[in-house]
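my_file_9.txt follows; it contains compact mmCIF, C-alpha atoms and all ligand atoms.
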# COMPACT_ATOMS: atom_id res chain seq x y z
CA MET A 13 82.88 60.64 48.76
CA ARG A 14 84.45 63.65 50.41
CA ILE A 15 81.77 66.34 50.18
CA LEU A 16 81.97 70.08 50.77
CA VAL A 17 78.73 71.38 52.31
CA VAL A 18 78.65 75.16 51.90
CA GLY A 19 76.25 76.53 54.50
CA GLY A 20 76.47 73.32 56.51
CA ALA A 21 75.96 75.18 59.82
CA GLY A 22 72.52 76.38 58.75
CA TYR A 23 69.08 74.86 59.12
CA ILE A 24 68.87 72.53 56.11
CA GLY A 25 72.64 72.32 55.55
CA SER A 26 73.33 70.93 59.02
CA VAL A 27 70.69 68.22 58.65
CA THR A 28 72.11 67.31 55.24
CA ALA A 29 75.65 67.19 56.64
CA ALA A 30 74.44 64.75 59.31
CA GLU A 31 72.59 62.68 56.69
CA LEU A 32 75.67 62.52 54.43
CA LEU A 33 77.83 61.37 57.35
CA ALA A 34 75.25 58.71 58.20
CA ALA A 35 75.39 57.55 54.56
CA GLY A 36 79.16 56.99 54.94
CA HIS A 37 80.49 60.15 53.24
CA GLN A 38 83.19 62.44 54.61
CA VAL A 39 81.92 65.97 55.15
CA VAL A 40 83.67 69.34 55.16
CA VAL A 41 81.34 72.12 56.33
CA TYR A 42 82.15 75.57 54.96
CA ASP A 43 80.12 78.34 56.58
CA SER A 44 80.47 82.09 57.05
CA PHE A 45 78.42 81.98 60.29
CA ILE A 46 76.40 84.96 59.02
CA SER A 47 73.36 82.75 59.63
CA GLY A 48 74.88 79.44 60.71
CA HIS A 49 75.54 78.11 64.22
CA ALA A 50 78.68 76.29 65.37
CA ALA A 51 76.50 74.03 67.54
CA ALA A 52 74.63 72.82 64.43
CA VAL A 53 77.77 71.42 62.75
CA PRO A 54 77.87 67.64 63.23
CA PRO A 55 80.88 66.69 65.41
CA ASP A 56 82.21 64.28 62.76
CA ALA A 57 82.38 66.97 60.09
CA GLU A 58 85.44 69.14 59.44
CA LEU A 59 84.66 72.85 59.74
CA VAL A 60 86.07 75.76 57.76
CA VAL A 61 84.78 79.24 58.61
CA GLY A 62 84.64 81.57 55.64
CA ASP A 63 82.64 83.23 52.89
CA VAL A 64 82.74 81.63 49.43
CA ARG A 65 83.70 85.05 48.06
CA ASP A 66 86.86 84.99 50.19
CA GLN A 67 89.30 83.24 47.87
CA GLU A 68 92.04 83.03 50.52
CA THR A 69 89.82 80.81 52.65
CA LEU A 70 88.09 78.93 49.86
CA THR A 71 91.07 77.91 47.70
CA PRO A 72 92.89 75.85 50.40
CA VAL A 73 89.76 73.75 50.91
CA PHE A 74 90.23 72.48 47.36
CA SER A 75 94.03 72.63 47.12
CA GLN A 76 94.83 70.82 50.39
CA SER A 77 92.64 67.76 49.95
CA ARG A 78 90.50 66.23 47.26
CA ILE A 79 86.83 67.31 47.21
CA ASP A 80 84.58 64.98 45.16
CA ALA A 81 81.35 67.00 45.19
CA VAL A 82 79.92 70.26 46.53
CA VAL A 83 76.48 70.81 48.04
CA TYR A 84 75.52 74.48 48.28
CA TYR A 85 73.27 76.05 50.96
CA GLY A 86 75.07 79.34 51.21
CA GLY A 87 72.34 81.64 49.94
CA PHE A 88 70.40 84.29 51.82
CA ILE A 89 66.79 83.08 51.98
CA GLN A 90 64.32 85.79 52.94
CA ALA A 91 62.09 86.82 50.07
CA GLY A 92 60.79 89.86 52.00
CA GLU A 93 64.28 91.10 52.90
CA SER A 94 65.41 90.65 49.30
CA MET A 95 62.79 93.22 48.22
CA ARG A 96 64.53 95.79 50.43
CA GLN A 97 68.14 94.74 49.73
CA PRO A 98 68.28 93.22 46.23
CA GLY A 99 71.98 93.99 45.76
CA ARG A 100 72.94 92.06 48.89
CA TYR A 101 71.05 89.04 47.57
CA PHE A 102 72.57 89.23 44.09
CA ALA A 103 76.13 89.67 45.46
CA ASN A 104 75.90 86.67 47.78
CA ASN A 105 73.48 84.34 46.01
CA ILE A 106 74.83 84.86 42.48
CA GLY A 107 78.34 86.30 43.01
CA GLY A 108 79.14 83.78 45.73
CA VAL A 109 78.07 80.82 43.60
CA ILE A 110 80.17 82.06 40.66
CA CYS A 111 83.28 82.22 42.93
CA LEU A 112 82.54 78.72 44.17
CA LEU A 113 81.93 77.20 40.73
CA ASN A 114 85.06 78.80 39.24
CA THR A 115 87.18 77.47 42.11
CA MET A 116 85.63 74.03 41.72
CA LEU A 117 86.57 73.95 38.03
CA GLU A 118 90.10 75.12 38.80
CA TYR A 119 90.49 71.98 40.93
CA ASP A 120 88.58 69.73 38.52
CA VAL A 121 85.58 69.26 40.83
CA ARG A 122 82.56 68.82 38.56
CA ARG A 123 79.73 67.60 40.79
CA PHE A 124 77.38 70.17 42.29
CA VAL A 125 74.07 70.03 44.16
CA PHE A 126 72.38 73.42 44.32
CA SER A 127 69.68 74.64 46.72
CA SER A 128 67.17 76.34 44.51
CA SER A 129 63.69 77.41 45.48
CA ALA A 130 60.00 77.43 44.66
CA ALA A 131 60.44 81.20 44.64
CA ILE A 132 61.77 80.95 41.07
CA TYR A 133 58.21 80.25 39.82
CA GLY A 134 56.83 83.58 41.03
CA GLU A 135 53.04 83.46 40.71
CA PRO A 136 52.49 80.16 38.89
CA GLU A 137 49.70 79.79 36.34
CA ALA A 138 48.60 76.48 37.86
CA VAL A 139 49.38 74.28 40.88
CA PRO A 140 50.83 71.76 41.56
CA ILE A 141 53.78 73.33 39.75
CA PRO A 142 55.83 71.06 37.44
CA GLU A 143 59.53 71.74 36.85
CA ASP A 144 58.89 72.95 33.30
CA ALA A 145 56.54 75.75 34.41
CA PRO A 146 57.77 79.23 33.44
CA THR A 147 60.16 80.82 35.93
CA CYS A 148 59.01 84.41 36.62
CA PRO A 149 60.25 85.35 40.12
CA VAL A 150 58.39 88.10 41.97
CA ASN A 151 61.24 88.88 44.37
CA PRO A 152 65.04 89.30 44.05
CA TYR A 153 65.61 86.17 46.15
CA GLY A 154 63.78 84.06 43.55
CA GLU A 155 65.54 85.94 40.76
CA SER A 156 68.93 85.08 42.26
CA LYS A 157 68.04 81.37 42.18
CA ALA A 158 66.69 81.59 38.62
CA VAL A 159 69.88 83.32 37.42
CA VAL A 160 72.12 80.65 38.99
CA GLU A 161 70.05 77.90 37.36
CA ARG A 162 70.61 79.59 33.97
CA LEU A 163 74.34 79.93 34.66
CA LEU A 164 74.54 76.27 35.64
CA ARG A 165 73.34 75.25 32.17
CA TRP A 166 76.37 77.03 30.68
CA TYR A 167 78.77 75.55 33.23
CA ASP A 168 77.39 72.17 32.21
CA SER A 169 77.50 72.60 28.42
CA GLN A 170 80.79 74.53 28.28
CA CYS A 171 82.74 73.19 31.27
CA GLY A 172 81.36 69.70 31.90
CA LEU A 173 79.98 70.55 35.36
CA ARG A 174 77.24 68.12 36.40
CA TYR A 175 74.61 69.61 38.67
CA VAL A 176 71.32 68.80 40.32
CA SER A 177 69.24 71.82 41.24
CA LEU A 178 66.72 71.12 44.00
CA ARG A 179 63.82 73.57 44.15
CA TYR A 180 62.66 73.46 47.75
CA PHE A 181 59.19 74.43 48.74
CA ASN A 182 58.77 75.40 52.42
CA ALA A 183 61.28 73.59 54.63
CA ALA A 184 59.89 72.90 58.10
CA GLY A 185 60.23 70.64 61.12
CA ALA A 186 63.26 69.53 63.11
CA MET A 187 65.41 66.61 64.14
CA ASP A 188 66.09 65.73 67.81
CA THR A 189 69.16 67.93 68.01
CA LEU A 190 68.95 70.10 64.88
CA GLY A 191 66.29 72.72 64.29
CA GLU A 192 65.35 76.05 62.77
CA ASP A 193 67.00 79.10 64.32
CA HIS A 194 67.20 82.15 62.05
CA ARG A 195 68.21 85.53 63.49
CA PRO A 196 65.95 87.36 63.03
CA GLU A 197 63.34 84.68 62.52
CA THR A 198 60.96 85.47 59.65
CA HIS A 199 59.40 82.07 58.86
CA LEU A 200 55.83 81.25 59.68
CA ILE A 201 56.13 77.99 61.67
CA PRO A 202 58.95 79.01 64.06
CA ILE A 203 57.25 82.36 64.71
CA VAL A 204 53.92 80.64 65.40
CA LEU A 205 55.72 78.35 67.87
CA GLN A 206 57.47 81.30 69.52
CA VAL A 207 53.99 82.76 70.14
CA ALA A 208 52.90 79.40 71.59
CA LEU A 209 55.94 79.49 73.90
CA GLY A 210 55.01 82.99 75.08
CA GLN A 211 58.12 84.54 73.51
CA ARG A 212 55.95 86.78 71.31
CA ASP A 213 52.51 88.23 72.00
CA ALA A 214 50.87 87.44 68.67
CA LEU A 215 51.60 86.22 65.16
CA PRO A 216 51.63 89.03 62.61
CA LEU A 217 49.53 87.54 59.77
CA TYR A 218 50.66 89.14 56.54
CA GLY A 219 47.63 89.49 54.34
CA SER A 220 44.14 87.99 54.50
CA ASP A 221 42.89 89.25 51.14
CA TYR A 222 44.72 86.86 48.79
CA PRO A 223 42.74 85.00 46.12
CA THR A 224 42.72 81.76 48.16
CA ALA A 225 39.95 79.90 50.02
CA ASP A 226 40.51 81.71 53.34
CA GLY A 227 42.34 84.76 51.99
CA THR A 228 45.79 83.79 53.34
CA CYS A 229 48.80 82.52 51.38
CA VAL A 230 49.14 78.81 50.67
CA ARG A 231 52.45 76.94 50.94
CA ASP A 232 53.72 73.37 50.60
CA TYR A 233 55.60 72.31 53.76
CA ILE A 234 58.29 69.65 53.49
CA HIS A 235 60.16 68.12 56.43
CA VAL A 236 63.84 69.06 56.64
CA ALA A 237 64.89 65.39 56.93
CA ASP A 238 63.11 64.60 53.66
CA LEU A 239 64.92 67.49 51.99
CA ALA A 240 68.24 66.25 53.34
CA ARG A 241 67.61 62.72 52.05
CA ALA A 242 66.95 64.10 48.57
CA HIS A 243 70.48 65.54 48.53
CA VAL A 244 72.03 62.17 49.22
CA LEU A 245 70.02 60.72 46.31
CA ALA A 246 70.89 63.69 44.08
CA LEU A 247 74.62 63.05 44.53
CA ASP A 248 74.13 59.56 43.07
CA ARG A 249 72.02 61.00 40.24
CA LEU A 250 74.92 63.21 39.10
CA ASN A 251 76.46 60.25 37.26
CA GLU A 252 73.56 60.39 34.81
CA GLY A 253 73.90 64.09 34.02
CA SER A 254 72.35 67.34 35.20
CA ALA A 255 68.74 67.73 36.31
CA VAL A 256 66.26 69.95 38.16
CA TYR A 257 63.74 68.70 40.74
CA ASN A 258 60.97 70.14 42.88
CA LEU A 259 60.95 68.99 46.50
CA GLY A 260 57.61 69.36 48.23
CA ASN A 261 54.70 67.33 49.59
CA SER A 262 52.30 68.39 46.83
CA GLN A 263 49.80 69.60 49.43
CA GLY A 264 49.02 73.24 50.08
CA PHE A 265 48.18 74.66 53.51
CA SER A 266 47.05 78.21 54.10
CA ASN A 267 48.68 80.33 56.77
CA LEU A 268 45.47 80.05 58.84
CA GLN A 269 45.54 76.24 58.50
CA VAL A 270 49.15 76.21 59.71
CA ILE A 271 48.21 78.33 62.74
CA GLU A 272 45.26 76.05 63.53
CA ALA A 273 47.45 72.93 63.24
CA ALA A 274 50.02 74.52 65.57
CA ARG A 275 47.28 75.30 68.13
CA LYS A 276 46.32 71.60 68.14
CA VAL A 277 49.92 70.40 68.42
CA ALA A 278 50.95 72.85 71.14
CA GLU A 279 47.56 72.82 72.90
CA ARG A 280 47.95 76.53 73.47
CA PRO A 281 46.17 79.58 72.10
CA ILE A 282 48.10 81.40 69.39
CA PRO A 283 46.81 84.96 69.04
CA VAL A 284 46.96 86.45 65.55
CA HIS A 285 47.29 90.09 64.55
CA GLU A 286 46.20 90.77 60.98
CA GLU A 287 48.62 92.95 59.06
CA ALA A 288 49.14 94.14 55.48
CA ARG A 289 50.56 91.81 52.84
CA ARG A 290 54.33 91.27 52.91
CA PRO A 291 55.79 92.50 49.60
CA GLY A 292 57.16 89.71 47.40
CA ASP A 293 54.85 86.93 48.69
CA PRO A 294 53.26 84.82 45.93
CA PRO A 295 49.68 83.75 46.90
CA VAL A 296 50.08 80.00 46.28
CA LEU A 297 53.12 77.68 45.92
CA VAL A 298 52.50 73.93 45.77
CA ALA A 299 54.92 71.46 44.20
CA SER A 300 54.51 68.65 41.79
CA ALA A 301 57.26 66.35 43.09
CA GLU A 302 56.53 63.45 40.74
CA LYS A 303 59.81 63.86 38.87
CA ALA A 304 61.94 63.57 42.03
CA LYS A 305 59.97 60.50 43.07
CA ALA A 306 60.31 58.83 39.67
CA GLU A 307 63.94 59.69 38.89
CA LEU A 308 65.58 59.97 42.33
CA GLY A 309 63.47 57.32 44.02
CA TRP A 310 62.69 59.98 46.63
CA GLN A 311 59.73 59.44 48.90
CA PRO A 312 58.97 61.95 51.67
CA GLN A 313 58.52 60.17 55.00
CA VAL A 314 56.98 62.85 57.22
CA THR A 315 54.09 64.21 55.20
CA ALA A 316 51.33 65.16 57.67
CA LEU A 317 51.40 68.86 58.55
CA GLU A 318 50.73 68.23 62.24
CA GLU A 319 53.58 65.72 62.39
CA ILE A 320 55.95 68.23 60.77
CA ILE A 321 54.87 70.96 63.20
CA ASP A 322 55.09 68.53 66.13
CA SER A 323 58.78 67.84 65.36
CA ALA A 324 59.43 71.59 65.26
CA TRP A 325 57.45 72.12 68.49
CA ARG A 326 59.51 69.51 70.34
CA TRP A 327 62.74 71.19 69.24
CA HIS A 328 61.55 74.70 70.13
CA ARG A 329 60.34 73.57 73.55
CA GLU A 330 63.66 71.87 74.28
CA HIS A 331 65.69 74.74 72.78
CA PRO A 332 63.70 77.87 73.69
CA GLN A 333 66.74 80.02 72.89
CA GLY A 334 67.51 78.06 69.72
CA TYR A 335 71.23 77.33 69.55
CA GLY A 336 71.77 79.83 72.36
N1 LIG A 401 53.99 84.83 57.37
C1 LIG A 401 53.16 85.53 58.21
N2 LIG A 401 53.68 86.00 59.37
C2 LIG A 401 54.98 85.80 59.74
C3 LIG A 401 55.82 85.06 58.87
C4 LIG A 401 55.29 84.59 57.68
O1 LIG A 401 51.98 85.76 57.91
O2 LIG A 401 55.38 86.27 60.82
C5 LIG A 401 53.44 84.33 56.10
C6 LIG A 401 54.15 84.89 54.88
O3 LIG A 401 53.65 86.18 54.57
C7 LIG A 401 53.81 83.82 53.84
C8 LIG A 401 53.83 82.51 54.66
O4 LIG A 401 53.66 82.93 56.03
O5 LIG A 401 52.51 84.04 53.35
C9 LIG A 401 55.11 81.74 54.56
O6 LIG A 401 56.19 82.63 54.81
P1 LIG A 401 57.66 82.13 55.20
O7 LIG A 401 58.46 83.36 55.44
O8 LIG A 401 57.58 81.12 56.27
O9 LIG A 401 58.14 81.38 53.89
P2 LIG A 401 58.18 81.87 52.37
O10 LIG A 401 57.11 81.11 51.64
O11 LIG A 401 58.19 83.34 52.24
O12 LIG A 401 59.63 81.42 51.91
C10 LIG A 401 60.12 80.15 52.17
C11 LIG A 401 61.64 80.22 52.24
C12 LIG A 401 62.18 80.54 50.92
C13 LIG A 401 61.63 79.60 49.87
C14 LIG A 401 60.12 79.59 49.90
C15 LIG A 401 59.59 78.62 48.90
O13 LIG A 401 62.06 81.21 53.15
O14 LIG A 401 63.57 80.40 50.99
O15 LIG A 401 59.71 79.26 51.19
O16 LIG A 401 58.21 78.49 48.99
F1 LIG A 401 62.00 80.00 48.66
Go through the file and emit its structure as structure tokens.
Ligand code: UFG
Amino acid sequence: MRILVVGGAGYIGSVTAAELLAAGHQVVVYDSFISGHAAAVPPDAELVVGDVRDQETLTPVFSQSRIDAVVYYGGFIQAGESMRQPGRYFANNIGGVICLLNTMLEYDVRRFVFSSSAAIYGEPEAVPIPEDAPTCPVNPYGESKAVVERLLRWYDSQCGLRYVSLRYFNAAGAMDTLGEDHRPETHLIPIVLQVALGQRDALPLYGSDYPTADGTCVRDYIHVADLARAHVLALDRLNEGSAVYNLGNSQGFSNLQVIEAARKVAERPIPVHEEARRPGDPPVLVASAEKAKAELGWQPQVTALEEIIDSAWRWHREHPQGYG
């Protein structure tokens, strides 16, 4: 298939673009470069630089050559930032997807894989979280994903769009040449590793009074290659109709456990500075990924936390300035 990867110069999008190429698909990367990096785009992919809300750039992608399916990674992703700038998140994460879906329909493209998020569950009643748990986001980022999932049901029932929405838990780890480089970086594992590299003095630990075993938040870390593989499987699943899947390892690790694992991997001290809670952080997010395993035949390959962190550590050591 010829697949449009929106956000294909970003962390998870670039790994998926590489995985799709390896699976024999043609790939067109569409990226605004607000967060993406030219160096992360696989050399065999075509590249179009633009925002999905810019119709003059988007329309020719569909009008000039046939696109069979679209994979979307174009959203802003920081829960904390979304608490301060909700409108920016709604405009891009909801408005941008609407522009994209309407253009797809105009050109009769009806296959869509959407990057959703564990953030749509908010503060779940129980973990591991199944897909049919209530969606009650506690930050505008999660709300933006929940709204798009509701819109997608209408695009399916009224317009015949087939979609798979993949609710990622915490993406982590790296490939040999592709890794995590957000500017500014806000995610726990890359910041911990920047402390290990001496690029920061200490890790700011946001909150140690949560209702968890050690008082810090608990997350489910999933290797970026396993996420990417799920997209390739999801594209095949589209023939059977629309669906929603959690993607996680079904194991929760507290922020302190992540820091301890990183100390072992890097064999360096990682000083921590306790700070107040970060607004918008749910205490615990752990996936039930049974549905993806049963229906997609998905099986995560890199499941041990230290192995995930080790892949990230290797990339950060070899790319201390990220993509430069
Ligand atoms: N944290 C710190 N210090 C830091 C950075 C993070 O203590 O410097 C803490 C956070 O407060 C949180 C945990 O580490 O308790 C994880 O935070 P991240 O920012 O790494 O990840 P989030 O869980 O906030 O969000 C990530 C993605 C979202 C996705 C979500 C799903 O950014 O896109 O996982 O679980 F929706």
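Our summary of the geometry notes that atom CA of A:Pro294 is positioned 15.1 Å from atom CA of A:Asp226.
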Closest atom pairs, stretch 220-278 of chain A residues within 9 Å of stretch 23-30 of chain A, all atoms listed in the file, as a Markdown table:
| residue | atom | partner | partner_atom | distance |
| --- | --- | --- | --- | --- |
| A:Val236 | CA | A:Ile24 | CA | 6.1 |
| A:Ala237 | CA | A:Val27 | CA | 6.7 |
| A:Leu239 | CA | A:Ile24 | CA | 7.6 |
| A:Ala240 | CA | A:Thr28 | CA | 4.4 |
| A:Arg241 | CA | A:Thr28 | CA | 7.2 |
| A:His243 | CA | A:Thr28 | CA | 7.1 |
| A:Val244 | CA | A:Thr28 | CA | 7.9 |
>> What's the separation between atom CA of A:Pro54 and atom CA of A:Tyr42, in Å to one decimal place?
In response: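 A separation of 12.2 Å between them.
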Wanna dump the chain A-ligand LIG 401 (chain A) contacts at 9 Å for me, each residue with its shortest atom pair and the distance in Å to one decimal, counting only C-alpha atoms and all ligand atoms, ordered by chain and number, as CSV?
residue,atom,partner,partner_atom,distance
A:Gly87,CA,A:LIG401,O14,8.9
A:Phe88,CA,A:LIG401,O14,7.9
A:Ile89,CA,A:LIG401,O14,4.3
A:Gln90,CA,A:LIG401,O13,5.1
A:Ala91,CA,A:LIG401,O11,5.7
A:Gly92,CA,A:LIG401,O11,7.0
A:Ser128,CA,A:LIG401,F1,7.6
A:Ser129,CA,A:LIG401,F1,4.4
A:Ala130,CA,A:LIG401,C15,4.4
A:Ala131,CA,A:LIG401,F1,4.5
A:Ile132,CA,A:LIG401,F1,7.7
A:Tyr153,CA,A:LIG401,F1,7.6
A:Gly154,CA,A:LIG401,F1,6.8
A:Lys157,CA,A:LIG401,F1,9.0
A:Arg179,CA,A:LIG401,F1,8.1
A:Tyr180,CA,A:LIG401,C15,6.1
A:Phe181,CA,A:LIG401,O16,4.2
A:Asn182,CA,A:LIG401,O15,4.2
A:Ala183,CA,A:LIG401,O15,6.8
A:Ala184,CA,A:LIG401,O8,8.7
A:Glu197,CA,A:LIG401,O2,8.3
A:Thr198,CA,A:LIG401,C3,5.2
A:His199,CA,A:LIG401,O8,3.3
A:Leu200,CA,A:LIG401,O8,3.8
A:Ile201,CA,A:LIG401,O8,6.4
A:Pro202,CA,A:LIG401,O8,8.2
A:Ile203,CA,A:LIG401,O2,5.8
A:Val204,CA,A:LIG401,O2,7.4
A:Leu215,CA,A:LIG401,O2,5.8
A:Pro216,CA,A:LIG401,N2,4.9
A:Leu217,CA,A:LIG401,O1,3.6
A:Tyr218,CA,A:LIG401,O1,3.9
A:Gly219,CA,A:LIG401,O1,6.8
A:Ser220,CA,A:LIG401,O1,8.8
A:Thr228,CA,A:LIG401,O5,6.7
A:Cys229,CA,A:LIG401,O5,4.5
A:Val230,CA,A:LIG401,O5,6.8
A:Arg231,CA,A:LIG401,O16,6.3
A:Asp232,CA,A:LIG401,O16,7.0
A:Tyr233,CA,A:LIG401,O16,8.2
A:Ser266,CA,A:LIG401,O5,8.0
A:Asn267,CA,A:LIG401,O4,5.7
A:Leu268,CA,A:LIG401,O1,8.7
A:Val270,CA,A:LIG401,O4,8.9
A:Glu286,CA,A:LIG401,O1,8.2
A:Glu287,CA,A:LIG401,O1,8.0
A:Arg289,CA,A:LIG401,O3,6.7
A:Arg290,CA,A:LIG401,O3,5.4
A:Pro291,CA,A:LIG401,O3,8.3
A:Gly292,CA,A:LIG401,O11,8.1
A:Asp293,CA,A:LIG401,O5,6.0
A:Pro294,CA,A:LIG401,O5,7.5
A:Pro295,CA,A:LIG401,O5,7.0
A:Val296,CA,A:LIG401,O5,8.5
A:Leu297,CA,A:LIG401,O16,6.0
A:Val298,CA,A:LIG401,O16,8.0
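The protein and nucleic acid residues lying at most 10 Å from A:Arg174 are A:Ala81, A:Val121, A:Arg122, A:Arg123, A:Phe124, A:Val125, A:Leu164, A:Arg165, A:Tyr167, A:Asp168, A:Ser169, A:Cys171, A:Leu247, A:Arg249, A:Leu250, A:Asn251, A:Glu252, A:Gly253, A:Ser254, A:Ala255, with only C-alpha atoms considered and sequence neighbours fewer than 3 positions away removed.
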My structure is short of atoms at stretch 278-297 of chain A; please model N, CA, C and O atoms there, returning them as a PDB file, in the coordinates of the input.
ATOM      1  N   ALA A 278      50.402  72.242  69.927  1.00  0.00           N
ATOM      2  CA  ALA A 278      50.950  72.850  71.140  1.00  0.00           C
ATOM      3  C   ALA A 278      49.925  72.902  72.278  1.00  0.00           C
ATOM      4  O   ALA A 278      50.295  73.139  73.432  1.00  0.00           O
ATOM      5  N   GLU A 279      48.658  72.709  71.925  1.00  0.00           N
ATOM      6  CA  GLU A 279      47.560  72.820  72.900  1.00  0.00           C
ATOM      7  C   GLU A 279      47.633  74.149  73.648  1.00  0.00           C
ATOM      8  O   GLU A 279      47.533  74.200  74.877  1.00  0.00           O
ATOM      9  N   ARG A 280      47.895  75.189  72.884  1.00  0.00           N
ATOM     10  CA  ARG A 280      47.950  76.530  73.470  1.00  0.00           C
ATOM     11  C   ARG A 280      47.279  77.500  72.504  1.00  0.00           C
ATOM     12  O   ARG A 280      47.294  77.258  71.290  1.00  0.00           O
ATOM     13  N   PRO A 281      46.737  78.590  73.013  1.00  0.00           N
ATOM     14  CA  PRO A 281      46.170  79.580  72.100  1.00  0.00           C
ATOM     15  C   PRO A 281      47.306  80.300  71.365  1.00  0.00           C
ATOM     16  O   PRO A 281      48.401  80.465  71.908  1.00  0.00           O
ATOM     17  N   ILE A 282      47.069  80.667  70.138  1.00  0.00           N
ATOM     18  CA  ILE A 282      48.100  81.400  69.390  1.00  0.00           C
ATOM     19  C   ILE A 282      47.414  82.644  68.816  1.00  0.00           C
ATOM     20  O   ILE A 282      46.773  82.571  67.753  1.00  0.00           O
ATOM     21  N   PRO A 283      47.492  83.755  69.530  1.00  0.00           N
ATOM     22  CA  PRO A 283      46.810  84.960  69.040  1.00  0.00           C
ATOM     23  C   PRO A 283      47.415  85.439  67.715  1.00  0.00           C
ATOM     24  O   PRO A 283      48.611  85.292  67.480  1.00  0.00           O
ATOM     25  N   VAL A 284      46.540  85.989  66.879  1.00  0.00           N
ATOM     26  CA  VAL A 284      46.960  86.450  65.550  1.00  0.00           C
ATOM     27  C   VAL A 284      46.619  87.924  65.423  1.00  0.00           C
ATOM     28  O   VAL A 284      45.576  88.378  65.890  1.00  0.00           O
ATOM     29  N   HIS A 285      47.527  88.669  64.805  1.00  0.00           N
ATOM     30  CA  HIS A 285      47.290  90.090  64.550  1.00  0.00           C
ATOM     31  C   HIS A 285      47.363  90.294  63.046  1.00  0.00           C
ATOM     32  O   HIS A 285      48.412  90.100  62.434  1.00  0.00           O
ATOM     33  N   GLU A 286      46.215  90.633  62.444  1.00  0.00           N
ATOM     34  CA  GLU A 286      46.200  90.770  60.980  1.00  0.00           C
ATOM     35  C   GLU A 286      46.960  92.015  60.536  1.00  0.00           C
ATOM     36  O   GLU A 286      46.748  93.095  61.084  1.00  0.00           O
ATOM     37  N   GLU A 287      47.829  91.821  59.568  1.00  0.00           N
ATOM     38  CA  GLU A 287      48.620  92.950  59.060  1.00  0.00           C
ATOM     39  C   GLU A 287      48.535  92.989  57.533  1.00  0.00           C
ATOM     40  O   GLU A 287      47.958  92.097  56.916  1.00  0.00           O
ATOM     41  N   ALA A 288      49.156  94.006  56.948  1.00  0.00           N
ATOM     42  CA  ALA A 288      49.140  94.140  55.480  1.00  0.00           C
ATOM     43  C   ALA A 288      49.958  93.015  54.855  1.00  0.00           C
ATOM     44  O   ALA A 288      50.769  92.365  55.526  1.00  0.00           O
ATOM     45  N   ARG A 289      49.761  92.808  53.569  1.00  0.00           N
ATOM     46  CA  ARG A 289      50.560  91.810  52.840  1.00  0.00           C
ATOM     47  C   ARG A 289      52.043  92.125  52.965  1.00  0.00           C
ATOM     48  O   ARG A 289      52.420  93.302  53.050  1.00  0.00           O
ATOM     49  N   ARG A 290      52.876  91.090  52.941  1.00  0.00           N
ATOM     50  CA  ARG A 290      54.330  91.270  52.910  1.00  0.00           C
ATOM     51  C   ARG A 290      54.764  91.331  51.443  1.00  0.00           C
ATOM     52  O   ARG A 290      54.471  90.380  50.694  1.00  0.00           O
ATOM     53  N   PRO A 291      55.423  92.412  51.017  1.00  0.00           N
ATOM     54  CA  PRO A 291      55.790  92.500  49.600  1.00  0.00           C
ATOM     55  C   PRO A 291      56.635  91.301  49.172  1.00  0.00           C
ATOM     56  O   PRO A 291      57.491  90.823  49.922  1.00  0.00           O
ATOM     57  N   GLY A 292      56.361  90.809  47.954  1.00  0.00           N
ATOM     58  CA  GLY A 292      57.160  89.710  47.400  1.00  0.00           C
ATOM     59  C   GLY A 292      56.588  88.333  47.689  1.00  0.00           C
ATOM     60  O   GLY A 292      57.192  87.338  47.301  1.00  0.00           O
ATOM     61  N   ASP A 293      55.442  88.243  48.375  1.00  0.00           N
ATOM     62  CA  ASP A 293      54.850  86.930  48.690  1.00  0.00           C
ATOM     63  C   ASP A 293      53.919  86.471  47.571  1.00  0.00           C
ATOM     64  O   ASP A 293      52.876  87.088  47.339  1.00  0.00           O
ATOM     65  N   PRO A 294      54.226  85.364  46.876  1.00  0.00           N
ATOM     66  CA  PRO A 294      53.260  84.820  45.930  1.00  0.00           C
ATOM     67  C   PRO A 294      52.074  84.218  46.698  1.00  0.00           C
ATOM     68  O   PRO A 294      52.260  83.680  47.787  1.00  0.00           O
ATOM     69  N   PRO A 295      50.844  84.270  46.151  1.00  0.00           N
ATOM     70  CA  PRO A 295      49.680  83.750  46.900  1.00  0.00           C
ATOM     71  C   PRO A 295      49.760  82.238  47.157  1.00  0.00           C
ATOM     72  O   PRO A 295      49.476  81.801  48.263  1.00  0.00           O
ATOM     73  N   VAL A 296      50.140  81.458  46.137  1.00  0.00           N
ATOM     74  CA  VAL A 296      50.080  80.000  46.280  1.00  0.00           C
ATOM     75  C   VAL A 296      51.333  79.355  45.683  1.00  0.00           C
ATOM     76  O   VAL A 296      51.700  79.661  44.546  1.00  0.00           O
ATOM     77  N   LEU A 297      51.993  78.469  46.443  1.00  0.00           N
ATOM     78  CA  LEU A 297      53.120  77.680  45.920  1.00  0.00           C
ATOM     79  C   LEU A 297      52.939  76.234  46.381  1.00  0.00           C
ATOM     80  O   LEU A 297      53.037  75.952  47.581  1.00  0.00           O
TER      81      LEU A 297
END
